[in-house]
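Here's the structure we're looking at; comments come further down.
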Amino acid sequence: GSSSVSSDDYQRLEPGRNVTVQALSWAPSILPTVREASGSRNKNLIFFWGFSIIWNGMLSVFVWAIFVWPSIVRRLVVDGIPTPARVTRKAENSSDDSKSYDIHYEFIPEQAGEAPMQGKTAVTQEQWSSVSEGDMLTVLYNAKRPNWSVLYRFADYRVI
């Protein structure tokens with residue numbers, strides 16, 4: 001294989017001399033590094049691990065949005081505790097090329113002593129136009145995590 005070394009390490013190399021090569025045990029052909037006495041860190045390996053951490057962090061957001069949150073909503077529709085919620089605010093957010101619509105709501109969980117919980121859901125323009133501030137809607141929430149809630153009227157699932 002081949003590897004890049006610093007100019008100082010290159011100057012110290014002698015033809016025929018044994019050198020220590022650091023490589024990933026599960027992928028030895030990826031980023032092999034000649035390790036010399038200078039103790040220099042392999043910048044490629046640091047970049048590789050840094051990139052992997054950032055990539056997996058971004059990917060976890062998509063996994064949450066595509067797989068985890070929809071399964072939570074399904075569970076809320078099936079097992080959630082229904083309670084009335086009041087629409088507290090409607091928000092229309094716009095950028096240069098798009099608009100989004102949010103409905104903010106408030107409900108009081110059935111557990112004694114619980115403070116009112118705030119929630120927000122993204123909706124289409126038609127759904128946003130169909131409600132007014134102060135309207136009462138049904139919210140389904142998780143008894144153990146009341147901050148996990150969904151407005152049944154705007155949920156992607158229905159109980160049949």
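In the structure tokens, each chain is lettered A, B, ... as it comes, each chain's residues begin at 1, and ligands are numbered from 1 in order of appearance.
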Set out as CSV a contact list for stretch 4-107 of chain A and stretch 123-142 of chain A with a cut-off of 7 Å, giving each residue of stretch 4-107 of chain A that qualifies its closest atom pair and distance in Å to one decimal, counting only C-alpha atoms, ordered by chain and rising residue number.
```
residue,atom,partner,partner_atom,distance
A:Leu76,CA,A:Leu140,CA,6.0
A:Val77,CA,A:Leu140,CA,6.6
A:Gly80,CA,A:Leu140,CA,4.8
A:Ile81,CA,A:Leu140,CA,5.1
A:Pro82,CA,A:Leu140,CA,4.5
A:Thr83,CA,A:Val139,CA,5.5
A:Pro84,CA,A:Thr138,CA,4.8
A:Ala85,CA,A:Leu137,CA,5.2
A:Arg86,CA,A:Met136,CA,4.6
A:Val87,CA,A:Gly134,CA,5.0
A:Thr88,CA,A:Glu133,CA,5.5
A:Arg89,CA,A:Glu133,CA,5.6
A:Lys90,CA,A:Glu133,CA,6.8
A:Tyr101,CA,A:Val123,CA,5.5
A:Asp102,CA,A:Val123,CA,5.9
A:Ile103,CA,A:Trp128,CA,7.0
```
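Each of A:Val73, A:Glu114, A:Trp55, A:Ser7 was compared to A:Val159 using only C-alpha atoms, and A:Val73 turns out to be the nearest.
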Counting only C-alpha atoms, figure out which residue out of A:Arg145, A:Arg17, A:Arg74, A:Lys120 gets nearest to A:Ala91.
A:Lys120
Tell me which protein, DNA and RNA residues are within 12 Å of A:Pro70, counting only C-alpha atoms, leaving out same-chain ones fewer than 5 positions away, and put them as a PDB file with N, CA, C and O atoms, in the first residue's frame.
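Wrote selection_34.pdb, looks like this:
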```pdb
ATOM      1  N   PHE A  62     -32.301  12.082  10.510  1.00  0.00           N
ATOM      2  CA  PHE A  62     -33.178  11.506   9.501  1.00  0.00           C
ATOM      3  C   PHE A  62     -33.813  10.208   9.991  1.00  0.00           C
ATOM      4  O   PHE A  62     -34.979   9.952   9.719  1.00  0.00           O
ATOM      5  N   VAL A  63     -33.051   9.382  10.676  1.00  0.00           N
ATOM      6  CA  VAL A  63     -33.603   8.141  11.230  1.00  0.00           C
ATOM      7  C   VAL A  63     -34.729   8.470  12.199  1.00  0.00           C
ATOM      8  O   VAL A  63     -35.792   7.842  12.179  1.00  0.00           O
ATOM      9  N   TRP A  64     -34.537   9.489  13.041  1.00  0.00           N
ATOM     10  CA  TRP A  64     -35.578   9.907  13.979  1.00  0.00           C
ATOM     11  C   TRP A  64     -36.832  10.344  13.217  1.00  0.00           C
ATOM     12  O   TRP A  64     -37.937   9.915  13.526  1.00  0.00           O
ATOM     13  N   ALA A  65     -36.645  11.191  12.202  1.00  0.00           N
ATOM     14  CA  ALA A  65     -37.788  11.742  11.470  1.00  0.00           C
ATOM     15  C   ALA A  65     -38.513  10.697  10.632  1.00  0.00           C
ATOM     16  O   ALA A  65     -39.737  10.747  10.500  1.00  0.00           O
ATOM     17  N   ARG A  75     -48.072   4.855  18.128  1.00  0.00           N
ATOM     18  CA  ARG A  75     -48.334   4.416  19.507  1.00  0.00           C
ATOM     19  C   ARG A  75     -49.264   5.386  20.221  1.00  0.00           C
ATOM     20  O   ARG A  75     -50.136   4.980  20.980  1.00  0.00           O
ATOM     21  N   LEU A  76     -49.078   6.679  19.997  1.00  0.00           N
ATOM     22  CA  LEU A  76     -49.951   7.671  20.627  1.00  0.00           C
ATOM     23  C   LEU A  76     -51.387   7.519  20.146  1.00  0.00           C
ATOM     24  O   LEU A  76     -52.327   7.606  20.944  1.00  0.00           O
ATOM     25  N   VAL A  77     -51.569   7.277  18.858  1.00  0.00           N
ATOM     26  CA  VAL A  77     -52.923   7.124  18.328  1.00  0.00           C
ATOM     27  C   VAL A  77     -53.577   5.871  18.896  1.00  0.00           C
ATOM     28  O   VAL A  77     -54.761   5.873  19.230  1.00  0.00           O
ATOM     29  N   TRP A 148     -44.767  14.170  24.753  1.00  0.00           N
ATOM     30  CA  TRP A 148     -45.027  13.456  23.507  1.00  0.00           C
ATOM     31  C   TRP A 148     -46.529  13.477  23.299  1.00  0.00           C
ATOM     32  O   TRP A 148     -47.276  12.751  23.948  1.00  0.00           O
ATOM     33  N   VAL A 150     -49.897  14.421  20.258  1.00  0.00           N
ATOM     34  CA  VAL A 150     -50.287  14.650  18.882  1.00  0.00           C
ATOM     35  C   VAL A 150     -51.753  15.071  18.864  1.00  0.00           C
ATOM     36  O   VAL A 150     -52.560  14.566  19.649  1.00  0.00           O
ATOM     37  N   ALA A 155     -53.284  13.917  12.939  1.00  0.00           N
ATOM     38  CA  ALA A 155     -52.367  12.767  12.964  1.00  0.00           C
ATOM     39  C   ALA A 155     -52.427  12.043  11.604  1.00  0.00           C
ATOM     40  O   ALA A 155     -53.432  12.104  10.905  1.00  0.00           O
ATOM     41  N   ASP A 156     -51.348  11.373  11.273  1.00  0.00           N
ATOM     42  CA  ASP A 156     -51.288  10.623  10.018  1.00  0.00           C
ATOM     43  C   ASP A 156     -51.983   9.279  10.107  1.00  0.00           C
ATOM     44  O   ASP A 156     -52.059   8.551   9.123  1.00  0.00           O
ATOM     45  N   TYR A 157     -52.486   8.901  11.285  1.00  0.00           N
ATOM     46  CA  TYR A 157     -53.100   7.615  11.513  1.00  0.00           C
ATOM     47  C   TYR A 157     -54.493   7.799  12.095  1.00  0.00           C
ATOM     48  O   TYR A 157     -54.773   8.787  12.738  1.00  0.00           O
TER      49      TYR A 157
END
```
